[in-house]
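Student: One file is attached below, final.csv, containing CSV, C-alpha atoms.
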```
chain,number,residue,atom,x,y,z
A,245,MET,CA,-164.1,22.6,128.0
A,246,TYR,CA,-162.0,20.4,130.1
A,247,ARG,CA,-160.9,18.3,127.1
A,248,THR,CA,-160.0,21.3,125.1
A,249,ASN,CA,-157.7,22.8,127.6
A,250,ARG,CA,-155.9,19.5,128.0
A,251,ARG,CA,-155.4,19.3,124.3
A,252,VAL,CA,-153.9,22.8,124.3
A,253,ARG,CA,-151.7,22.0,127.2
A,254,THR,CA,-150.6,18.8,125.5
A,255,ALA,CA,-149.8,20.7,122.3
A,256,ALA,CA,-148.0,23.4,124.3
A,257,ALA,CA,-145.9,20.7,126.0
A,258,ALA,CA,-145.2,19.1,122.7
A,259,GLY,CA,-144.1,22.5,121.4
A,260,MET,CA,-141.8,23.0,124.3
A,261,LEU,CA,-140.2,19.7,123.8
A,262,VAL,CA,-139.6,20.5,120.1
A,263,ALA,CA,-138.1,23.8,121.1
A,264,LEU,CA,-135.9,22.2,123.6
A,265,ALA,CA,-134.7,19.6,121.1
A,266,ILE,CA,-133.9,22.3,118.6
A,267,ALA,CA,-131.9,24.2,121.2
A,268,LEU,CA,-129.9,21.1,122.2
A,269,SER,CA,-129.3,20.3,118.6
A,270,GLY,CA,-127.9,23.8,118.0
A,271,CYS,CA,-125.4,23.4,120.8
A,272,ALA,CA,-124.1,20.2,119.3
A,273,LEU,CA,-123.6,21.8,115.9
A,274,PHE,CA,-122.2,25.2,116.8
A,275,ASP,CA,-120.6,25.1,120.2
A,276,GLY,CA,-116.8,25.7,119.8
A,277,GLY,CA,-116.1,25.0,123.5
A,278,ALA,CA,-113.5,22.8,125.0
A,279,HIS,CA,-115.5,19.7,124.6
A,280,ALA,CA,-116.0,20.1,120.9
A,281,LYS,CA,-114.0,17.9,118.6
A,282,PRO,CA,-111.9,19.6,115.9
A,283,VAL,CA,-112.9,19.3,112.3
A,284,ALA,CA,-110.3,17.3,110.4
A,285,ARG,CA,-109.0,19.5,107.5
A,286,HIS,CA,-106.4,17.1,105.9
A,287,THR,CA,-104.8,13.8,106.9
A,288,THR,CA,-101.7,12.2,105.6
A,289,ALA,CA,-101.4,8.4,105.8
A,290,LYS,CA,-98.4,7.3,107.8
A,291,PRO,CA,-96.0,5.6,105.5
A,292,LYS,CA,-95.3,2.0,106.0
A,293,PRO,CA,-91.9,1.2,107.3
A,294,THR,CA,-89.5,0.1,104.5
A,295,HIS,CA,-85.9,-1.2,104.4
A,296,SER,CA,-83.6,1.8,104.0
A,297,ALA,CA,-81.7,1.8,100.7
A,298,SER,CA,-77.9,1.7,100.9
A,299,PRO,CA,-76.6,5.2,101.1
A,300,THR,CA,-75.3,6.5,97.8
A,301,PRO,CA,-71.5,6.8,98.1
A,302,THR,CA,-70.3,10.3,97.8
A,303,PRO,CA,-68.1,10.5,94.7
A,304,SER,CA,-64.5,11.4,95.6
A,305,ALA,CA,-63.4,14.8,94.5
A,306,THR,CA,-62.0,14.8,91.0
A,307,PRO,CA,-58.2,15.5,91.2
A,308,THR,CA,-57.2,18.8,89.6
A,309,PRO,CA,-55.4,18.0,86.4
A,310,THR,CA,-51.8,19.0,86.5
A,311,THR,CA,-49.9,20.5,83.6
A,312,PRO,CA,-47.5,17.9,82.2
A,313,PRO,CA,-43.9,18.9,82.2
A,314,PRO,CA,-42.5,20.1,78.9
A,315,PRO,CA,-40.7,17.5,76.8
A,316,PRO,CA,-36.9,17.6,77.0
A,317,PRO,CA,-35.1,19.4,74.2
A,318,THR,CA,-34.0,17.2,71.4
A,319,LEU,CA,-31.8,17.4,68.3
A,320,THR,CA,-31.8,14.5,65.9
A,321,PRO,CA,-28.2,13.6,64.8
A,322,VAL,CA,-27.1,13.6,61.2
A,323,PRO,CA,-27.6,10.1,59.8
A,324,SER,CA,-24.6,7.8,59.9
A,325,GLY,CA,-22.4,7.8,56.9
A,326,THR,CA,-23.4,11.3,55.7
A,327,THR,CA,-20.5,13.2,54.2
A,328,VAL,CA,-20.5,16.7,55.7
A,329,ALA,CA,-17.2,18.0,54.3
A,330,GLU,CA,-14.7,16.8,51.6
A,331,ALA,CA,-11.8,18.2,49.6
A,332,SER,CA,-8.3,17.6,48.3
A,333,VAL,CA,-5.3,19.4,49.8
A,334,ALA,CA,-2.1,20.6,48.2
A,335,SER,CA,0.6,22.6,50.0
A,336,PRO,CA,1.6,25.9,48.4
A,337,LYS,CA,4.8,24.4,47.1
A,338,GLY,CA,3.1,21.2,45.9
A,339,SER,CA,5.2,19.0,48.2
A,340,ILE,CA,2.3,17.6,50.2
A,341,HIS,CA,-1.0,16.1,48.8
A,342,PHE,CA,-3.9,14.2,50.4
A,343,HIS,CA,-7.6,13.9,50.4
A,344,TYR,CA,-9.9,14.2,53.4
A,345,ARG,CA,-13.6,13.3,54.0
A,346,ILE,CA,-15.6,14.1,57.1
A,347,VAL,CA,-18.5,11.8,57.8
A,348,SER,CA,-21.2,11.5,60.5
A,349,ASN,CA,-21.2,8.6,62.9
A,350,GLY,CA,-24.9,9.0,63.5
A,351,ASP,CA,-24.6,9.9,67.2
A,352,ASN,CA,-23.5,13.6,67.0
A,353,THR,CA,-19.9,12.5,66.5
A,354,TYR,CA,-17.8,12.6,63.3
A,355,SER,CA,-14.8,11.0,61.8
A,356,ILE,CA,-12.2,12.3,59.3
A,357,GLN,CA,-11.0,9.9,56.7
A,358,TYR,CA,-7.6,10.7,55.1
A,359,SER,CA,-6.4,9.0,51.9
A,360,GLY,CA,-3.8,9.5,49.1
A,361,PHE,CA,-1.2,11.1,51.3
A,362,THR,CA,2.1,11.9,49.7
A,363,SER,CA,4.9,14.1,50.9
A,364,SER,CA,8.4,15.1,49.7
A,365,VAL,CA,9.0,17.2,52.8
A,366,PRO,CA,11.9,15.7,54.9
A,367,VAL,CA,10.0,16.0,58.2
A,368,PRO,CA,6.9,14.3,59.6
A,369,VAL,CA,3.6,16.1,58.8
A,370,SER,CA,0.4,16.3,60.9
A,371,VAL,CA,-3.0,17.9,60.4
A,372,THR,CA,-5.6,19.4,62.6
A,373,LEU,CA,-8.9,21.3,62.6
A,374,ILE,CA,-8.9,24.9,64.0
A,375,ASP,CA,-11.6,27.5,64.4
A,376,VAL,CA,-9.4,30.6,63.6
A,377,PRO,CA,-7.1,29.9,60.6
A,378,PRO,CA,-3.4,30.8,60.9
A,379,GLN,CA,-1.2,31.8,58.0
A,380,VAL,CA,1.4,29.6,56.3
A,381,GLY,CA,4.7,30.0,58.1
A,382,ASP,CA,3.1,30.8,61.4
A,383,GLY,CA,3.8,28.6,64.5
A,384,LEU,CA,0.9,26.8,66.0
A,385,THR,CA,0.2,27.5,69.7
A,386,TRP,CA,-2.8,25.2,69.8
A,387,HIS,CA,-3.1,21.9,68.1
A,388,GLY,CA,-6.8,22.2,67.5
A,389,VAL,CA,-9.3,19.3,67.3
A,390,ALA,CA,-8.6,15.8,66.0
A,391,ASP,CA,-4.9,16.3,65.8
A,392,HIS,CA,-3.5,13.5,63.6
A,393,ALA,CA,-0.1,12.5,62.2
A,394,LEU,CA,-0.2,11.8,58.5
A,395,GLY,CA,3.4,10.6,58.3
A,396,GLY,CA,6.8,11.4,56.9
A,397,PRO,CA,8.3,11.5,53.4
A,398,THR,CA,6.6,9.0,51.1
A,399,ALA,CA,7.7,7.0,48.1
A,400,GLY,CA,4.0,6.4,47.1
A,401,ALA,CA,0.6,7.0,48.6
A,402,ALA,CA,0.4,6.2,52.3
A,403,ALA,CA,-2.3,3.9,53.7
A,404,ALA,CA,-5.6,5.5,54.4
A,405,SER,CA,-6.3,6.5,58.0
A,406,THR,CA,-9.2,7.7,60.1
A,407,VAL,CA,-9.4,9.9,63.2
A,408,PRO,CA,-12.5,10.6,65.3
A,409,LEU,CA,-13.7,14.1,66.1
A,410,GLY,CA,-15.4,12.9,69.2
A,411,TYR,CA,-18.7,14.3,70.6
A,412,ILE,CA,-18.9,17.6,68.9
A,413,GLY,CA,-22.5,18.1,67.7
A,414,ASN,CA,-21.9,20.6,65.0
A,415,PRO,CA,-18.3,20.9,63.9
A,416,SER,CA,-18.9,23.7,61.4
A,417,TYR,CA,-17.2,26.2,63.7
A,418,LEU,CA,-13.9,24.5,62.8
A,419,GLY,CA,-13.3,26.5,59.7
A,420,ALA,CA,-9.7,25.5,58.7
A,421,LEU,CA,-7.8,22.3,58.2
A,422,VAL,CA,-4.2,23.1,59.0
A,423,THR,CA,-1.2,21.0,57.9
A,424,TYR,CA,2.0,21.6,59.9
A,425,SER,CA,5.4,20.2,60.7
A,426,SER,CA,5.4,17.8,63.6
A,427,VAL,CA,9.2,17.4,63.8
A,428,ALA,CA,10.2,17.0,67.4
A,429,SER,CA,13.3,19.2,67.3
A,430,PRO,CA,14.6,22.1,65.2
A,431,ASP,CA,18.1,20.7,65.1
A,432,GLY,CA,19.3,20.4,61.5
A,433,VAL,CA,15.9,21.4,60.1
A,434,PRO,CA,15.3,24.6,58.0
A,435,VAL,CA,13.4,27.2,60.0
A,436,GLU,CA,10.4,27.0,57.7
A,437,LEU,CA,10.1,23.3,58.5
A,438,GLY,CA,10.7,23.6,62.3
A,439,PRO,CA,8.3,22.2,64.9
A,440,ASP,CA,4.7,23.4,64.6
A,441,LYS,CA,5.4,25.5,61.4
A,442,VAL,CA,2.2,25.8,59.3
A,443,LEU,CA,2.7,24.3,55.9
A,444,ALA,CA,-0.8,24.6,54.4
A,445,VAL,CA,-4.2,26.0,55.4
A,446,ASN,CA,-7.4,24.9,53.8
A,447,THR,CA,-10.9,26.3,54.4
A,448,VAL,CA,-13.3,23.6,55.3
A,449,ARG,CA,-16.6,23.8,53.3
A,450,TRP,CA,-19.1,22.3,55.6
A,451,SER,CA,-22.4,20.8,54.3
A,452,ILE,CA,-24.3,19.7,57.4
A,453,PRO,CA,-28.0,19.0,56.8
A,454,GLU,CA,-30.4,20.7,59.2
A,455,ARG,CA,-31.3,18.5,62.1
A,456,ALA,CA,-34.8,18.0,63.4
A,457,THR,CA,-35.4,19.7,66.8
A,458,ASN,CA,-38.3,20.5,69.1
A,459,VAL,CA,-36.7,23.8,70.2
A,460,HIS,CA,-37.7,26.8,68.0
A,461,PRO,CA,-37.0,30.2,69.5
A,462,VAL,CA,-39.1,33.1,68.2
A,463,ASP,CA,-38.3,36.7,69.3
A,464,GLY,CA,-41.3,38.1,71.2
A,465,GLY,CA,-39.7,41.5,71.6
A,466,ALA,CA,-37.7,43.3,74.3
A,467,ARG,CA,-39.3,43.4,77.8
A,468,ALA,CA,-38.4,43.7,81.4
A,469,GLY,CA,-36.0,40.9,82.3
A,470,ALA,CA,-35.0,40.5,78.6
A,471,ALA,CA,-34.1,43.8,77.2
A,472,GLY,CA,-31.0,42.7,75.3
A,473,SER,CA,-30.4,42.7,71.5
A,474,VAL,CA,-30.4,40.0,68.8
A,475,PRO,CA,-27.4,40.8,66.6
A,476,GLU,CA,-27.5,37.5,64.6
A,477,THR,CA,-30.2,35.4,63.0
A,478,THR,CA,-30.2,32.1,61.1
A,479,SER,CA,-30.7,31.8,57.4
A,480,SER,CA,-34.5,31.4,58.0
A,481,GLY,CA,-34.6,34.6,60.0
A,482,ALA,CA,-34.9,32.9,63.5
A,483,PRO,CA,-32.9,34.4,66.3
A,484,ALA,CA,-29.4,32.9,66.5
A,485,ARG,CA,-27.7,34.9,69.3
A,486,TYR,CA,-28.8,37.1,72.1
A,487,VAL,CA,-26.6,39.7,74.0
A,488,VAL,CA,-27.5,40.0,77.7
A,489,ALA,CA,-28.5,43.5,79.0
A,490,ALA,CA,-28.4,44.8,82.5
A,491,GLY,CA,-31.3,43.5,84.6
A,492,ASP,CA,-31.9,40.4,82.4
A,493,THR,CA,-33.0,37.2,84.0
A,494,PHE,CA,-32.6,33.6,82.8
A,495,ASP,CA,-36.3,32.9,82.9
A,496,GLY,CA,-37.1,36.3,81.3
A,497,VAL,CA,-34.9,35.7,78.3
A,498,ALA,CA,-36.4,32.2,77.9
A,499,GLN,CA,-39.9,33.6,78.0
A,500,ARG,CA,-39.0,36.3,75.4
A,501,PHE,CA,-38.1,33.7,72.9
A,502,GLY,CA,-41.0,31.3,73.7
A,503,ILE,CA,-38.9,28.5,75.1
A,504,THR,CA,-38.4,27.0,78.5
A,505,SER,CA,-35.5,27.7,80.8
A,506,GLN,CA,-34.4,24.1,80.3
A,507,ASP,CA,-34.2,24.7,76.6
A,508,LEU,CA,-32.1,27.9,77.1
A,509,LEU,CA,-29.7,26.0,79.3
A,510,TRP,CA,-29.5,23.2,76.8
A,511,LEU,CA,-28.7,25.7,74.0
A,512,ASN,CA,-25.9,27.1,76.2
A,513,PRO,CA,-24.0,24.2,77.8
A,514,SER,CA,-20.7,26.1,78.0
A,515,GLY,CA,-22.0,28.4,80.8
A,516,ARG,CA,-20.0,31.4,79.5
A,517,ALA,CA,-23.0,33.8,79.8
A,518,TYR,CA,-24.2,32.9,83.3
A,519,ASP,CA,-22.9,31.8,86.8
A,520,GLY,CA,-23.7,28.8,88.9
A,521,SER,CA,-27.0,30.3,90.0
A,522,LEU,CA,-28.0,31.1,86.4
A,523,ASN,CA,-27.5,34.8,86.9
A,524,LEU,CA,-26.8,36.3,83.5
A,525,LEU,CA,-23.6,38.2,82.8
A,526,GLU,CA,-24.1,41.5,81.1
A,527,ASN,CA,-22.8,41.8,77.5
A,528,GLN,CA,-22.3,38.1,77.2
A,529,SER,CA,-23.9,36.2,74.3
A,530,LEU,CA,-26.4,33.4,74.6
A,531,ASN,CA,-26.8,30.9,71.7
A,532,LEU,CA,-30.4,30.5,70.4
A,533,ASP,CA,-29.7,28.3,67.4
A,534,PRO,CA,-30.1,24.5,68.0
A,535,GLN,CA,-28.2,23.8,64.8
A,536,ALA,CA,-25.1,25.4,66.3
A,537,LEU,CA,-24.9,22.7,69.0
```
For the file at hand, write its structure as structure tokens.
Tutor:
Amino acid sequence: MYRTNRRVRTAAAAGMLVALAIALSGCALFDGGAHAKPVARHTTAKPKPTHSASPTPTPSATPTPTTPPPPPPTLTPVPSGTTVAEASVASPKGSIHFHYRIVSNGDNTYSIQYSGFTSSVPVPVSVTLIDVPPQVGDGLTWHGVADHALGGPTAGAAAASTVPLGYIGNPSYLGALVTYSSVASPDGVPVELGPDKVLAVNTVRWSIPERATNVHPVDGGARAGAAGSVPETTSSGAPARYVVAAGDTFDGVAQRFGITSQDLLWLNPSGRAYDGSLNLLENQSLNLDPQAL
């Protein structure tokens, strides 16, 4: 009896020890108290120190492209030696004869070559180019362009002579070659042979080849700042002349014809249609034809 109870007590004690061990084990596994260690969810390895690469230079800002200025207006001269007008002259009474030839010097200048001059008129004779032709017998009030003395009475043909026209660009506006008396005094001279009396008038037939240019006006139509009219065109139909209207501006007219203000100023070097501040003058004409320069 005694031995059995001891065995029971021993078994009971052993059971208590097992229960205590299980209880203590549960505390270790499930206790979320302050002494519990957190469960690691994810760890990242700390990178090893490396030498820092040189900083990539920041590219400088790309400069904004600027619009290049327009090219200056150009007009290619007529090639040197080109004959642009030529004819023989005879006075109405047949007392004066000569031949003339106008040639390009290749730099927008021209020269007139005279040859075969003969005269039975008892006074010295001169010749000049004029834009508005006078009548035979008139008295000259302006001696025109390239005024030149041909000579007095001749026994035979006089020596050839040449006179420059100077810088003139396009001389075709000079429509008449005028022969006149260049006697110094009317004393003892018939009235019709007196000083500056016109002895012959000849129409100059110009044949100037078209010159290459980078200025080509095209009429874009009337608009604010350019409401004037185009009363004249070239043989190809391009605008040749523009008449200024009230309210027109220099830049506005240039824009209407698709050219720069610099081009318009180049086409009109005389300044007759604008003042010193480029204010346009109403009813004045602006040239638009480069070939007229």
Student: One decimal, Å: what's the distance from atom CA of A:Gly465 over to atom CA of A:Gly502, could you say?
Tutor: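 Going from atom CA of A:Gly465 over to atom CA of A:Gly502, I get 10.5 Å.
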Student: Hey, what's within 12 Å of A:Arg467 if we count only C-alpha atoms and toss same-chain stuff fewer than 5 positions away? As a list in words, please?
Tutor: Gly472, Ser473, Ala489, Ala490, Gly491, Asp492, Thr493, Gly496, Val497, Ala498, Gln499, Arg500 and Phe501 of chain A
Student: Out of A:Ala399, A:Val347, A:Ala331, A:Val422, which residue has the shortest atom-to-atom distance to A:Asp375 when counting all atoms listed in the file?
Tutor: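 Answer, going by the shortest atom-to-atom distance: A:Val422.
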Student: Applying 12 Å and all atoms listed in the file, which residues near A:Gly383 remain after dropping the ones on its own chain fewer than 2 positions away? List them as a short mmCIF file (atom, residue, chain, number, x, y, z; two decimals) with C-alpha atoms, keeping the file's coordinate frame.
Tutor:
```cif
data_model
loop_
_atom_site.label_atom_id
_atom_site.label_comp_id
_atom_site.auth_asym_id
_atom_site.auth_seq_id
_atom_site.Cartn_x
_atom_site.Cartn_y
_atom_site.Cartn_z
CA PRO A 377 -7.10 29.90 60.60
CA PRO A 378 -3.40 30.80 60.90
CA GLN A 379 -1.20 31.80 58.00
CA VAL A 380 1.40 29.60 56.30
CA GLY A 381 4.70 30.00 58.10
CA THR A 385 0.20 27.50 69.70
CA TRP A 386 -2.80 25.20 69.80
CA HIS A 387 -3.10 21.90 68.10
CA VAL A 422 -4.20 23.10 59.00
CA THR A 423 -1.20 21.00 57.90
CA TYR A 424 2.00 21.60 59.90
CA SER A 425 5.40 20.20 60.70
CA SER A 426 5.40 17.80 63.60
CA VAL A 435 13.40 27.20 60.00
CA GLU A 436 10.40 27.00 57.70
CA LEU A 437 10.10 23.30 58.50
CA GLY A 438 10.70 23.60 62.30
CA PRO A 439 8.30 22.20 64.90
CA ASP A 440 4.70 23.40 64.60
CA LYS A 441 5.40 25.50 61.40
CA VAL A 442 2.20 25.80 59.30
CA LEU A 443 2.70 24.30 55.90
CA ALA A 444 -0.80 24.60 54.40
#
```
Student: So how far away is atom CA of A:Val369 from atom CA of A:Ala402, in Å?
Tutor: 12.3 Å
Student: How many Å lie between atom CA of A:Ile374 and atom CA of A:Ala536, rounded to one decimal?
Tutor: 16.4 Å
Student: For A:Tyr358, which residue out of A:Ser514, A:Thr406, A:Thr311, A:Gln506 is the nearest one, using only C-alpha atoms?
Tutor: A:Thr406
Student: Which one is closest to A:Val487: A:Leu394, A:Val459, A:Ala517, A:Ile503? Count all atoms listed in the file.
Tutor: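 Closest to A:Val487 of all the choices is A:Ala517.
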Student: Considering all atoms listed in the file, state which residue in the set A:Glu526, A:Asp463, A:Asp507, A:Asp519 is at the smallest distance from A:Pro314.
Tutor: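 Going through A:Glu526, A:Asp463, A:Asp507, A:Asp519 one by one, the smallest distance to A:Pro314 is for A:Asp507.
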Student: Skip A:Ser359 itself and residues of its chain fewer than 3 positions away, then list as a list in words all residues within 10 Å of it, counting all atoms listed in the file.
Tutor: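 Listing them by chain and then by number gives Ser332, His341, Phe342, His343, Tyr344, Arg345, Ile356, Thr362, Leu394, Ala401, Ala402, Ala403, Ala404, Ser405 and Thr406 of chain A.
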Student: Using only C-alpha atoms for the distances, tell me which of A:Pro317, A:Ile452, A:Ser363, A:Val427 is nearest to A:Leu511.
Tutor: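 Of A:Pro317, A:Ile452, A:Ser363, A:Val427, the one nearest A:Leu511, counting only C-alpha atoms, is A:Pro317.
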Student: Name the closest residue to A:Asn446 among the candidates A:Leu409, A:Ala393, A:Ala334, A:Leu522; distances are taken between atoms, counting only C-alpha atoms.
Tutor: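 Checking each candidate against A:Asn446, we get A:Ala334 as the closest.
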Student: Which residues, protein or nucleic acid, reach to within 8 Å of (-18.2, 20.4, 53.4) in the file's coordinates when using all atoms listed in the file, and can you give that as a list in words?
Tutor: Thr327, Val328, Ala329, Glu330, Ala331, Ile346, Val448, Arg449, Trp450, Ser451 and Ile452 of chain A
Student: If I only have part of stretch 446-471 of chain A, can you fill in N, CA and C atoms and write it as an mmCIF file, in the coordinates of the input?
Tutor:
```
data_model
loop_
_atom_site.group_PDB
_atom_site.id
_atom_site.type_symbol
_atom_site.label_atom_id
_atom_site.label_comp_id
_atom_site.auth_asym_id
_atom_site.auth_seq_id
_atom_site.Cartn_x
_atom_site.Cartn_y
_atom_site.Cartn_z
ATOM 1 N N ASN A 446 -6.271 25.131 54.676
ATOM 2 C CA ASN A 446 -7.400 24.900 53.800
ATOM 3 C C ASN A 446 -8.713 25.212 54.457
ATOM 4 N N THR A 447 -9.554 26.022 53.813
ATOM 5 C CA THR A 447 -10.900 26.300 54.400
ATOM 6 C C THR A 447 -11.778 25.098 54.207
ATOM 7 N N VAL A 448 -12.431 24.724 55.301
ATOM 8 C CA VAL A 448 -13.300 23.600 55.300
ATOM 9 C C VAL A 448 -14.723 24.053 54.832
ATOM 10 N N ARG A 449 -15.251 23.468 53.776
ATOM 11 C CA ARG A 449 -16.600 23.800 53.300
ATOM 12 C C ARG A 449 -17.576 22.779 53.834
ATOM 13 N N TRP A 450 -18.207 23.164 54.907
ATOM 14 C CA TRP A 450 -19.100 22.300 55.600
ATOM 15 C C TRP A 450 -20.475 22.208 54.847
ATOM 16 N N SER A 451 -21.077 21.031 54.861
ATOM 17 C CA SER A 451 -22.400 20.800 54.300
ATOM 18 C C SER A 451 -23.199 19.924 55.242
ATOM 19 N N ILE A 452 -23.565 20.482 56.390
ATOM 20 C CA ILE A 452 -24.300 19.700 57.400
ATOM 21 C C ILE A 452 -25.762 19.903 57.249
ATOM 22 N N PRO A 453 -26.508 18.834 56.995
ATOM 23 C CA PRO A 453 -28.000 19.000 56.800
ATOM 24 C C PRO A 453 -28.616 19.464 58.119
ATOM 25 N N GLU A 454 -29.709 20.220 57.992
ATOM 26 C CA GLU A 454 -30.400 20.700 59.200
ATOM 27 C C GLU A 454 -30.995 19.517 59.926
ATOM 28 N N ARG A 455 -30.808 19.554 61.232
ATOM 29 C CA ARG A 455 -31.300 18.500 62.100
ATOM 30 C C ARG A 455 -32.620 18.794 62.708
ATOM 31 N N ALA A 456 -33.469 17.794 62.815
ATOM 32 C CA ALA A 456 -34.800 18.000 63.400
ATOM 33 C C ALA A 456 -34.654 18.306 64.903
ATOM 34 N N THR A 457 -35.422 19.272 65.384
ATOM 35 C CA THR A 457 -35.400 19.700 66.800
ATOM 36 C C THR A 457 -36.773 20.110 67.232
ATOM 37 N N ASN A 458 -37.040 20.037 68.536
ATOM 38 C CA ASN A 458 -38.300 20.500 69.100
ATOM 39 C C ASN A 458 -38.149 21.881 69.754
ATOM 40 N N VAL A 459 -37.007 22.514 69.575
ATOM 41 C CA VAL A 459 -36.700 23.800 70.200
ATOM 42 C C VAL A 459 -36.699 24.855 69.014
ATOM 43 N N HIS A 460 -37.647 25.812 69.030
ATOM 44 C CA HIS A 460 -37.700 26.800 68.000
ATOM 45 C C HIS A 460 -37.917 28.197 68.538
ATOM 46 N N PRO A 461 -36.840 28.868 68.915
ATOM 47 C CA PRO A 461 -37.000 30.200 69.500
ATOM 48 C C PRO A 461 -37.568 31.206 68.502
ATOM 49 N N VAL A 462 -38.463 32.050 69.011
ATOM 50 C CA VAL A 462 -39.100 33.100 68.200
ATOM 51 C C VAL A 462 -39.006 34.384 69.094
ATOM 52 N N ASP A 463 -38.480 35.468 68.531
ATOM 53 C CA ASP A 463 -38.300 36.700 69.300
ATOM 54 C C ASP A 463 -39.646 37.381 69.544
ATOM 55 N N GLY A 464 -40.047 37.467 70.819
ATOM 56 C CA GLY A 464 -41.300 38.100 71.200
ATOM 57 C C GLY A 464 -41.115 39.605 71.485
ATOM 58 N N GLY A 465 -39.883 40.122 71.359
ATOM 59 C CA GLY A 465 -39.700 41.500 71.600
ATOM 60 C C GLY A 465 -39.080 41.819 72.970
ATOM 61 N N ALA A 466 -38.330 42.919 73.061
ATOM 62 C CA ALA A 466 -37.700 43.300 74.300
ATOM 63 C C ALA A 466 -38.739 43.563 75.392
ATOM 64 N N ARG A 467 -38.377 43.263 76.628
ATOM 65 C CA ARG A 467 -39.300 43.400 77.800
ATOM 66 C C ARG A 467 -38.447 43.449 79.038
ATOM 67 N N ALA A 468 -39.093 43.726 80.164
ATOM 68 C CA ALA A 468 -38.400 43.700 81.400
ATOM 69 C C ALA A 468 -37.877 42.292 81.692
ATOM 70 N N GLY A 469 -36.615 42.210 82.050
ATOM 71 C CA GLY A 469 -36.000 40.900 82.300
ATOM 72 C C GLY A 469 -35.400 40.307 81.024
ATOM 73 N N ALA A 470 -35.604 40.954 79.873
ATOM 74 C CA ALA A 470 -35.000 40.500 78.600
ATOM 75 C C ALA A 470 -34.973 41.614 77.623
ATOM 76 N N ALA A 471 -34.176 42.603 77.962
ATOM 77 C CA ALA A 471 -34.100 43.800 77.200
ATOM 78 C C ALA A 471 -32.902 43.873 76.240
#
```
